[in-house]
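Inspection log for the structure reproduced underneath, given as structure tokens.
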Amino acid sequence: MSSRPPTSASARPAASPAGLSARAVLQALATVVAGYLAMGVTAGLGLWAAGAADLPGGFAEVLAAVVVMAAGGEVELSGDAGSLAGVRGELTAMPLTVTLVGALVVGHGFLRPLRHHAATGARTLLLRAATTAVLWTAGLAALSALARHDFGITLGGGTGDPLADLFGDLLDAVNPTVGFRTDLGPTLFHGLLGILGVLLAALLVSRGAPLPPRLVRHQESVRPAAHAVFLLLLAYVLVGLVAGLVTAATGDRPADTFAVLLLGLPDIAWPALGVGIGGAWEGRAEGPFGLPVPRALDAVLRGGGGGQDLSTVDLSSLAARDGRAWWLLPVAALLLLAAAFTAAVRSPARTRLRQHALRFGVALALAVSAVVPLTRVEARFGLSVLGIGELDSLGGEVLLRPDVWRTVGLALLWGLVLGFLGGLLATRVPRRGETGPSAPPPRPPA
């Protein structure tokens, strides 16, 4: 009875290119489906907490619109009241909790098939990235087709403005509607850029994902700092989550708090990082609409004097409304120092202090330049009646946009300083590449 020798892994026949491509497509499809499913569940729970389940129809369409916005898409508002009135609307915002959940799931799914490889070819990596991006964009197109709906609105009296009450009764007689649509072209373009950015970020922040041989020599200078900054952003979200849960437990409107946590937690947490390092936002809030934000921020936005004046949102303006805002400064310093120390500890021992400072500073500045623009909010709704102008009591505006250059410049400065300090602290910790004191040579025999 003859025995067949075992076949080694290196001697096994390689899979055919067609087999590799089919497997890559299936893995990419599973990643995309998981990403959209996670975003849909998060957005659905957030909308339910916000009371959207009580809408007179259209919940599925609203859910699709929120997911589209989270993926970088654009949603346009529209309205119709016949020849009696005109409606002006605009909405630019990203529900960043939904975005973050989708990015984490897609990034993990993209890297998981590569986890057992020491290295990967550039062609294989590009194939997987292109397949994931194409399937993601196709899914976004399908959601964009679903994300459209019109709601009937009832204005009536009771606004406190006699003119608005009169025209509100008139508008109710012509069955006015307000709705939303997706702008397909910009949605697909921004969605494609967004998913490519997520895949690139996943490769940069991963500690063990394989790279093409030509890029392996650069991972020691990029990945420790990138991973540390990634953990910093997650730490701010975690701190915001804890604060939100405390607020929900002690406040009188827990459902609204959970809606903010499930839809826009990073929209508040990441500006806290920017403000803590000295960055700034500017904006205003007018009319009956507002932002589900801390009271100090809402007070600053409504204190600009109206008209075209914008309020500056920074550490001093927030502290003028609530002295507890000063805590953002020491919290930022402590978390940044911890991130810089983490980056230094995970870097080779031969890395110089100036290299730690430069790498961490650049990584922090790039991360801030990527996430800060995502916190921009523009929401406007106006109703003009018989062409005589808009009624203030039936319209409003919320605007919040970052001062990107100021915030990114300060992030670079903080990163350089704390990167140096973190590297200095890490010199007392054993690190990769260090060797212990050499043993004394053996004595020659007598």
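Chain lettering (A, B, ...) mirrors the order of the structure tokens, residue numbering begins at 1 for each chain separately, and ligand numbering begins at 1 in order of display.
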
Go through region 182-245 of chain A and flag each residue having an atom no more than 9 Å from region 317-340 of chain A; for those, report the closest pair of atoms plus their distance in Å to one decimal, using only C-alpha atoms, ordered by chain and rising number, as CSV.
residue,atom,partner,partner_atom,distance
A:Ala225,CA,A:Ala340,CA,7.4
A:His227,CA,A:Ala339,CA,8.9
A:Ala228,CA,A:Ala339,CA,5.1
A:Val229,CA,A:Ala339,CA,6.3
A:Phe230,CA,A:Ala339,CA,9.0
A:Leu231,CA,A:Ala339,CA,7.3
A:Leu232,CA,A:Ala339,CA,6.1
A:Ala235,CA,A:Leu335,CA,8.0
A:Tyr236,CA,A:Leu335,CA,8.5

Writing out the chosen residues with all heavy atoms as a compact mmCIF listing (two decimals), in the first residue's frame:
# COMPACT_ATOMS: atom_id res chain seq x y z
N ALA A 225 2.64 56.54 13.36
CA ALA A 225 2.00 57.84 13.58
C ALA A 225 0.57 57.83 13.08
O ALA A 225 -0.34 58.36 13.74
CB ALA A 225 2.80 58.94 12.90
N HIS A 227 -1.49 55.27 12.79
CA HIS A 227 -2.33 54.46 13.68
C HIS A 227 -2.61 55.21 14.98
O HIS A 227 -3.74 55.16 15.50
CB HIS A 227 -1.63 53.13 13.98
CG HIS A 227 -2.44 52.19 14.80
ND1 HIS A 227 -3.49 51.47 14.29
CD2 HIS A 227 -2.37 51.87 16.12
CE1 HIS A 227 -4.04 50.73 15.24
NE2 HIS A 227 -3.38 50.96 16.36
N ALA A 228 -1.63 55.91 15.51
CA ALA A 228 -1.83 56.66 16.75
C ALA A 228 -2.85 57.77 16.57
O ALA A 228 -3.69 58.01 17.45
CB ALA A 228 -0.50 57.22 17.24
N VAL A 229 -2.80 58.48 15.45
CA VAL A 229 -3.76 59.55 15.19
C VAL A 229 -5.16 58.97 14.99
O VAL A 229 -6.16 59.55 15.42
CB VAL A 229 -3.31 60.39 13.98
CG1 VAL A 229 -4.40 61.38 13.58
CG2 VAL A 229 -2.02 61.13 14.31
N PHE A 230 -5.24 57.83 14.35
CA PHE A 230 -6.52 57.14 14.20
C PHE A 230 -7.12 56.82 15.57
O PHE A 230 -8.31 57.04 15.82
CB PHE A 230 -6.31 55.87 13.37
CG PHE A 230 -7.49 54.94 13.34
CD1 PHE A 230 -8.66 55.30 12.69
CD2 PHE A 230 -7.43 53.70 13.95
CE1 PHE A 230 -9.75 54.44 12.66
CE2 PHE A 230 -8.50 52.83 13.92
CZ PHE A 230 -9.67 53.20 13.27
N LEU A 231 -6.29 56.30 16.47
CA LEU A 231 -6.76 56.02 17.83
C LEU A 231 -7.18 57.30 18.54
O LEU A 231 -8.12 57.30 19.35
CB LEU A 231 -5.67 55.31 18.63
CG LEU A 231 -5.31 53.89 18.17
CD1 LEU A 231 -4.20 53.33 19.04
CD2 LEU A 231 -6.52 52.97 18.20
N LEU A 232 -6.49 58.40 18.27
CA LEU A 232 -6.86 59.69 18.86
C LEU A 232 -8.26 60.10 18.44
O LEU A 232 -9.08 60.53 19.28
CB LEU A 232 -5.84 60.76 18.44
CG LEU A 232 -6.18 62.21 18.81
CD1 LEU A 232 -6.10 62.40 20.32
CD2 LEU A 232 -5.26 63.17 18.09
N ALA A 235 -10.68 57.99 20.19
CA ALA A 235 -10.76 58.34 21.60
C ALA A 235 -11.69 59.52 21.82
O ALA A 235 -12.47 59.54 22.79
CB ALA A 235 -9.35 58.65 22.13
N TYR A 236 -11.63 60.51 20.95
CA TYR A 236 -12.55 61.65 21.08
C TYR A 236 -14.00 61.21 20.90
O TYR A 236 -14.90 61.69 21.60
CB TYR A 236 -12.19 62.74 20.07
CG TYR A 236 -11.35 63.83 20.68
CD1 TYR A 236 -9.97 63.76 20.69
CD2 TYR A 236 -11.95 64.94 21.28
CE1 TYR A 236 -9.20 64.75 21.27
CE2 TYR A 236 -11.20 65.94 21.86
CZ TYR A 236 -9.83 65.84 21.86
OH TYR A 236 -9.07 66.82 22.45

Item to check | DSSP strand (DSSP E or B) residues within region 221-343 of chain A, as a list in words | outcome: Trp281, Glu282, Gly283, Arg284, Ala285, Glu286, Ser311, Thr312 and Val313 of chain A

Output C-alpha atoms for every residue in the selection just made, as a JSON list (two decimals), in the first residue's frame.
[["chain", "number", "residue", "atom", "x", "y", "z"],
["A", 281, "TRP", "CA", -15.40, 77.49, 13.23],
["A", 282, "GLU", "CA", -17.73, 80.25, 12.16],
["A", 283, "GLY", "CA", -21.45, 80.26, 11.64],
["A", 284, "ARG", "CA", -24.86, 81.44, 12.68],
["A", 285, "ALA", "CA", -28.28, 80.04, 13.54],
["A", 286, "GLU", "CA", -31.50, 81.92, 12.76],
["A", 311, "SER", "CA", -20.07, 84.26, 14.96],
["A", 312, "THR", "CA", -16.62, 82.81, 15.64],
["A", 313, "VAL", "CA", -16.71, 79.53, 17.51]]

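The residue that comes closest to Trp136 (chain A), out of A:Leu413, A:Val398, A:Ala103, A:Leu241 and on the basis of only C-alpha atoms, is A:Ala103.
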
Item to check | Selection near Leu418 (chain A), 8 Å with only C-alpha atoms, sequence-local residues under 2 positions removed, as a PyMOL selection string | outcome: chain A and resi 336-337+340+357+414-416+420-422

Go ahead and dump the residues you just picked, N, CA and C atoms, as an mmCIF file, in the first residue's frame.
data_model
loop_
_atom_site.group_PDB
_atom_site.id
_atom_site.type_symbol
_atom_site.label_atom_id
_atom_site.label_comp_id
_atom_site.auth_asym_id
_atom_site.auth_seq_id
_atom_site.Cartn_x
_atom_site.Cartn_y
_atom_site.Cartn_z
ATOM 1 N N LEU A 336 -3.406 64.140 23.023
ATOM 2 C CA LEU A 336 -2.379 64.253 21.988
ATOM 3 C C LEU A 336 -1.044 63.703 22.477
ATOM 4 N N LEU A 337 -0.703 63.970 23.720
ATOM 5 C CA LEU A 337 0.547 63.428 24.259
ATOM 6 C C LEU A 337 0.488 61.902 24.317
ATOM 7 N N ALA A 340 1.001 60.671 20.778
ATOM 8 C CA ALA A 340 2.396 60.818 20.368
ATOM 9 C C ALA A 340 3.273 59.767 21.034
ATOM 10 N N ALA A 357 8.814 63.848 15.934
ATOM 11 C CA ALA A 357 8.076 65.110 15.896
ATOM 12 C C ALA A 357 7.513 65.370 14.512
ATOM 13 N N TRP A 414 1.024 71.674 17.141
ATOM 14 C CA TRP A 414 0.842 70.797 18.301
ATOM 15 C C TRP A 414 1.489 69.434 18.049
ATOM 16 N N GLY A 415 1.337 68.913 16.838
ATOM 17 C CA GLY A 415 1.905 67.608 16.543
ATOM 18 C C GLY A 415 3.416 67.600 16.619
ATOM 19 N N LEU A 416 4.050 68.668 16.141
ATOM 20 C CA LEU A 416 5.507 68.741 16.209
ATOM 21 C C LEU A 416 5.996 68.777 17.656
ATOM 22 N N PHE A 420 7.607 65.445 19.682
ATOM 23 C CA PHE A 420 8.942 65.456 20.297
ATOM 24 C C PHE A 420 8.873 64.985 21.752
ATOM 25 N N LEU A 421 7.874 65.502 22.500
ATOM 26 C CA LEU A 421 7.739 65.109 23.909
ATOM 27 C C LEU A 421 7.382 63.631 24.030
ATOM 28 N N GLY A 422 6.502 63.144 23.154
ATOM 29 C CA GLY A 422 6.146 61.731 23.190
ATOM 30 C C GLY A 422 7.340 60.839 22.895
#

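When only C-alpha atoms are used to compute distances to Val293 (chain A), the closest of the residues A:Leu265, A:Leu100, A:Val239, A:Leu188 turns out to be A:Leu265.
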
Next on the checklist: If we count only C-alpha atoms and set the cut-off at 8 Å, which residues sit around region 213-218 of chain A, ignoring sequence neighbours fewer than 2 positions away in its own chain? Please answer as a ChimeraX atom specification.
Outcome noted: /A:119-121,211,220-222

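Across A:Thr250, A:Gln219, A:Thr407, A:Thr182, the tightest approach to Arg346 (chain A) is made by A:Gln219 when counting only C-alpha atoms.
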
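The neighbours of region 29-33 of chain A here are the residues that come within 9 Å of it, using only C-alpha atoms and leaving out any residue fewer than 2 positions away in the same chain; they are Ala24, Val25, Leu26, Gln27, Gly35, Tyr36, Leu37, Ala38, Val105, Val106, Gly107, His108, Gly109, Phe110, Thr131, Thr132, Ala133, Leu135, Trp136 and Gly139 of chain A.
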
Save out the residues we just selected, all heavy atoms, as a CSV table (one decimal), in the first residue's frame.
chain,number,residue,atom,x,y,z
A,24,ALA,N,-12.1,37.6,-5.2
A,24,ALA,CA,-12.0,39.1,-4.8
A,24,ALA,C,-13.3,39.8,-5.0
A,24,ALA,O,-13.6,40.6,-4.1
A,24,ALA,CB,-10.9,39.7,-5.6
A,25,VAL,N,-14.0,39.5,-6.0
A,25,VAL,CA,-15.3,40.1,-6.2
A,25,VAL,C,-16.3,39.7,-5.1
A,25,VAL,O,-17.0,40.6,-4.6
A,25,VAL,CB,-15.9,39.7,-7.6
A,25,VAL,CG1,-17.3,40.2,-7.7
A,25,VAL,CG2,-15.1,40.3,-8.7
A,26,LEU,N,-16.3,38.4,-4.8
A,26,LEU,CA,-17.2,38.0,-3.7
A,26,LEU,C,-16.9,38.7,-2.4
A,26,LEU,O,-17.8,39.1,-1.6
A,26,LEU,CB,-17.2,36.5,-3.6
A,26,LEU,CG,-17.8,35.7,-4.8
A,26,LEU,CD1,-17.7,34.2,-4.5
A,26,LEU,CD2,-19.3,36.1,-4.9
A,27,GLN,N,-15.6,38.7,-2.1
A,27,GLN,CA,-15.2,39.4,-0.8
A,27,GLN,C,-15.5,40.8,-0.8
A,27,GLN,O,-15.9,41.4,0.2
A,27,GLN,CB,-13.7,39.1,-0.6
A,27,GLN,CG,-13.3,37.7,-0.3
A,27,GLN,CD,-11.8,37.4,-0.4
A,27,GLN,OE1,-11.1,38.2,-1.0
A,27,GLN,NE2,-11.4,36.3,0.2
A,35,GLY,N,-21.0,47.0,4.9
A,35,GLY,CA,-20.9,48.4,5.2
A,35,GLY,C,-22.2,49.1,5.1
A,35,GLY,O,-22.6,49.9,6.0
A,36,TYR,N,-22.9,48.9,4.0
A,36,TYR,CA,-24.2,49.6,3.9
A,36,TYR,C,-25.2,49.1,4.9
A,36,TYR,O,-26.1,49.9,5.4
A,36,TYR,CB,-24.8,49.4,2.5
A,36,TYR,CG,-24.2,50.3,1.4
A,36,TYR,CD1,-23.6,49.9,0.3
A,36,TYR,CD2,-24.3,51.7,1.6
A,36,TYR,CE1,-23.1,50.8,-0.7
A,36,TYR,CE2,-23.8,52.6,0.7
A,36,TYR,CZ,-23.2,52.1,-0.4
A,36,TYR,OH,-22.7,53.0,-1.4
A,37,LEU,N,-25.2,47.8,5.3
A,37,LEU,CA,-26.1,47.3,6.3
A,37,LEU,C,-25.8,48.0,7.6
A,37,LEU,O,-26.7,48.4,8.4
A,37,LEU,CB,-25.9,45.8,6.4
A,37,LEU,CG,-26.9,45.1,7.4
A,37,LEU,CD1,-28.3,45.3,7.0
A,37,LEU,CD2,-26.6,43.6,7.4
A,38,ALA,N,-24.5,48.1,8.0
A,38,ALA,CA,-24.2,48.7,9.3
A,38,ALA,C,-24.6,50.2,9.3
A,38,ALA,O,-25.1,50.7,10.3
A,38,ALA,CB,-22.7,48.6,9.5
A,105,VAL,N,-16.4,49.4,9.1
A,105,VAL,CA,-16.8,48.0,8.6
A,105,VAL,C,-16.1,47.8,7.3
A,105,VAL,O,-15.6,46.7,7.0
A,105,VAL,CB,-18.3,47.9,8.5
A,105,VAL,CG1,-18.7,46.7,7.8
A,105,VAL,CG2,-18.9,48.0,9.9
A,106,VAL,N,-16.1,48.7,6.4
A,106,VAL,CA,-15.6,48.6,5.0
A,106,VAL,C,-14.0,48.4,5.1
A,106,VAL,O,-13.5,47.5,4.5
A,106,VAL,CB,-15.9,49.7,4.1
A,106,VAL,CG1,-15.2,49.7,2.8
A,106,VAL,CG2,-17.4,49.7,3.8
A,107,GLY,N,-13.4,49.2,6.0
A,107,GLY,CA,-12.0,49.1,6.1
A,107,GLY,C,-11.6,47.7,6.6
A,107,GLY,O,-10.6,47.1,6.1
A,108,HIS,N,-12.3,47.2,7.6
A,108,HIS,CA,-12.0,45.9,8.2
A,108,HIS,C,-12.2,44.8,7.1
A,108,HIS,O,-11.4,43.9,7.0
A,108,HIS,CB,-12.9,45.6,9.4
A,108,HIS,CG,-12.7,44.3,10.0
A,108,HIS,ND1,-11.6,43.9,10.7
A,108,HIS,CD2,-13.5,43.2,9.9
A,108,HIS,CE1,-11.7,42.6,11.0
A,108,HIS,NE2,-12.9,42.1,10.6
A,109,GLY,N,-13.3,44.9,6.4
A,109,GLY,CA,-13.6,43.9,5.4
A,109,GLY,C,-12.6,43.9,4.2
A,109,GLY,O,-12.3,42.9,3.7
A,110,PHE,N,-12.1,45.1,3.9
A,110,PHE,CA,-11.1,45.2,2.8
A,110,PHE,C,-9.8,44.6,3.2
A,110,PHE,O,-9.1,43.9,2.4
A,110,PHE,CB,-10.9,46.7,2.5
A,110,PHE,CG,-9.8,46.9,1.5
A,110,PHE,CD1,-10.0,46.5,0.2
A,110,PHE,CD2,-8.7,47.6,1.8
A,110,PHE,CE1,-9.0,46.7,-0.8
A,110,PHE,CE2,-7.7,47.9,0.9
A,110,PHE,CZ,-7.8,47.4,-0.4
A,131,THR,N,-12.4,46.9,-7.3
A,131,THR,CA,-13.7,46.1,-7.2
A,131,THR,C,-14.6,46.7,-6.1
A,131,THR,O,-15.8,46.8,-6.3
A,131,THR,CB,-13.4,44.6,-7.0
A,131,THR,OG1,-12.5,44.2,-8.0
A,131,THR,CG2,-14.6,43.8,-7.0
A,132,THR,N,-14.0,46.9,-4.9
A,132,THR,CA,-14.8,47.5,-3.8
A,132,THR,C,-15.3,48.8,-4.2
A,132,THR,O,-16.5,49.1,-3.9
A,132,THR,CB,-13.9,47.6,-2.6
A,132,THR,OG1,-13.3,46.3,-2.3
A,132,THR,CG2,-14.7,48.1,-1.4
A,133,ALA,N,-14.5,49.7,-4.8
A,133,ALA,CA,-15.0,51.0,-5.1
A,133,ALA,C,-16.2,51.0,-6.2
A,133,ALA,O,-17.1,51.7,-6.0
A,133,ALA,CB,-13.9,51.9,-5.7
A,135,LEU,N,-18.3,48.5,-6.7
A,135,LEU,CA,-19.5,47.9,-6.1
A,135,LEU,C,-20.1,48.9,-5.1
A,135,LEU,O,-21.4,49.1,-5.0
A,135,LEU,CB,-19.2,46.6,-5.4
A,135,LEU,CG,-18.8,45.4,-6.3
A,135,LEU,CD1,-18.4,44.2,-5.4
A,135,LEU,CD2,-20.0,45.1,-7.2
A,136,TRP,N,-19.3,49.7,-4.4
A,136,TRP,CA,-19.8,50.7,-3.5
A,136,TRP,C,-20.5,51.8,-4.2
A,136,TRP,O,-21.6,52.2,-3.8
A,136,TRP,CB,-18.6,51.3,-2.7
A,136,TRP,CG,-19.0,52.3,-1.7
A,136,TRP,CD1,-19.1,53.7,-1.9
A,136,TRP,CD2,-19.4,52.1,-0.4
A,136,TRP,NE1,-19.5,54.3,-0.8
A,136,TRP,CE2,-19.7,53.4,0.2
A,136,TRP,CE3,-19.6,51.0,0.4
A,136,TRP,CZ2,-20.2,53.5,1.5
A,136,TRP,CZ3,-20.0,51.1,1.7
A,136,TRP,CH2,-20.3,52.4,2.3
A,139,GLY,N,-23.9,50.5,-5.4
A,139,GLY,CA,-24.9,50.6,-4.3
A,139,GLY,C,-25.3,52.0,-3.9
A,139,GLY,O,-26.5,52.2,-3.6

What residues in region 270-331 of chain A get the DSSP label helix (DSSP H, G or I)? Please answer as a PDB file with C-alpha atoms, in the first residue's frame.
ATOM      1  CA  TRP A 270     -13.990  66.202  16.314  1.00  0.00           C
ATOM      2  CA  PRO A 271     -14.685  69.954  16.502  1.00  0.00           C
ATOM      3  CA  ALA A 272     -13.967  69.597  20.235  1.00  0.00           C
ATOM      4  CA  LEU A 273     -10.484  68.433  19.254  1.00  0.00           C
ATOM      5  CA  GLY A 274     -10.086  71.343  16.832  1.00  0.00           C
ATOM      6  CA  VAL A 275     -11.301  73.922  19.333  1.00  0.00           C
ATOM      7  CA  GLY A 276      -9.131  72.400  22.061  1.00  0.00           C
ATOM      8  CA  ARG A 295     -26.126  75.021  24.663  1.00  0.00           C
ATOM      9  CA  ALA A 296     -22.919  77.044  24.667  1.00  0.00           C
ATOM     10  CA  LEU A 297     -22.389  76.396  20.947  1.00  0.00           C
ATOM     11  CA  ASP A 298     -26.007  77.201  20.107  1.00  0.00           C
ATOM     12  CA  ALA A 299     -25.741  80.450  22.097  1.00  0.00           C
ATOM     13  CA  VAL A 300     -22.574  81.467  20.228  1.00  0.00           C
ATOM     14  CA  LEU A 301     -24.167  80.744  16.846  1.00  0.00           C
ATOM     15  CA  LEU A 315     -12.242  78.287  22.841  1.00  0.00           C
ATOM     16  CA  SER A 316     -12.676  81.822  24.149  1.00  0.00           C
ATOM     17  CA  SER A 317     -16.174  82.365  22.704  1.00  0.00           C
ATOM     18  CA  LEU A 318     -17.411  79.028  24.073  1.00  0.00           C
ATOM     19  CA  ALA A 319     -15.826  79.657  27.478  1.00  0.00           C
ATOM     20  CA  ALA A 320     -17.565  83.036  27.621  1.00  0.00           C
ATOM     21  CA  ARG A 321     -20.878  81.128  27.514  1.00  0.00           C
ATOM     22  CA  GLY A 323     -16.580  78.158  31.647  1.00  0.00           C
ATOM     23  CA  ARG A 324     -16.336  74.374  31.401  1.00  0.00           C
ATOM     24  CA  ALA A 325     -15.242  74.803  27.786  1.00  0.00           C
ATOM     25  CA  TRP A 326     -11.711  75.551  29.049  1.00  0.00           C
ATOM     26  CA  TRP A 327     -11.407  71.840  29.828  1.00  0.00           C
ATOM     27  CA  LEU A 328     -11.110  71.213  26.074  1.00  0.00           C
ATOM     28  CA  LEU A 329      -7.532  72.537  26.217  1.00  0.00           C
ATOM     29  CA  PRO A 330      -6.043  70.161  28.839  1.00  0.00           C
ATOM     30  CA  VAL A 331      -8.035  67.230  27.437  1.00  0.00           C
TER      31      VAL A 331
END
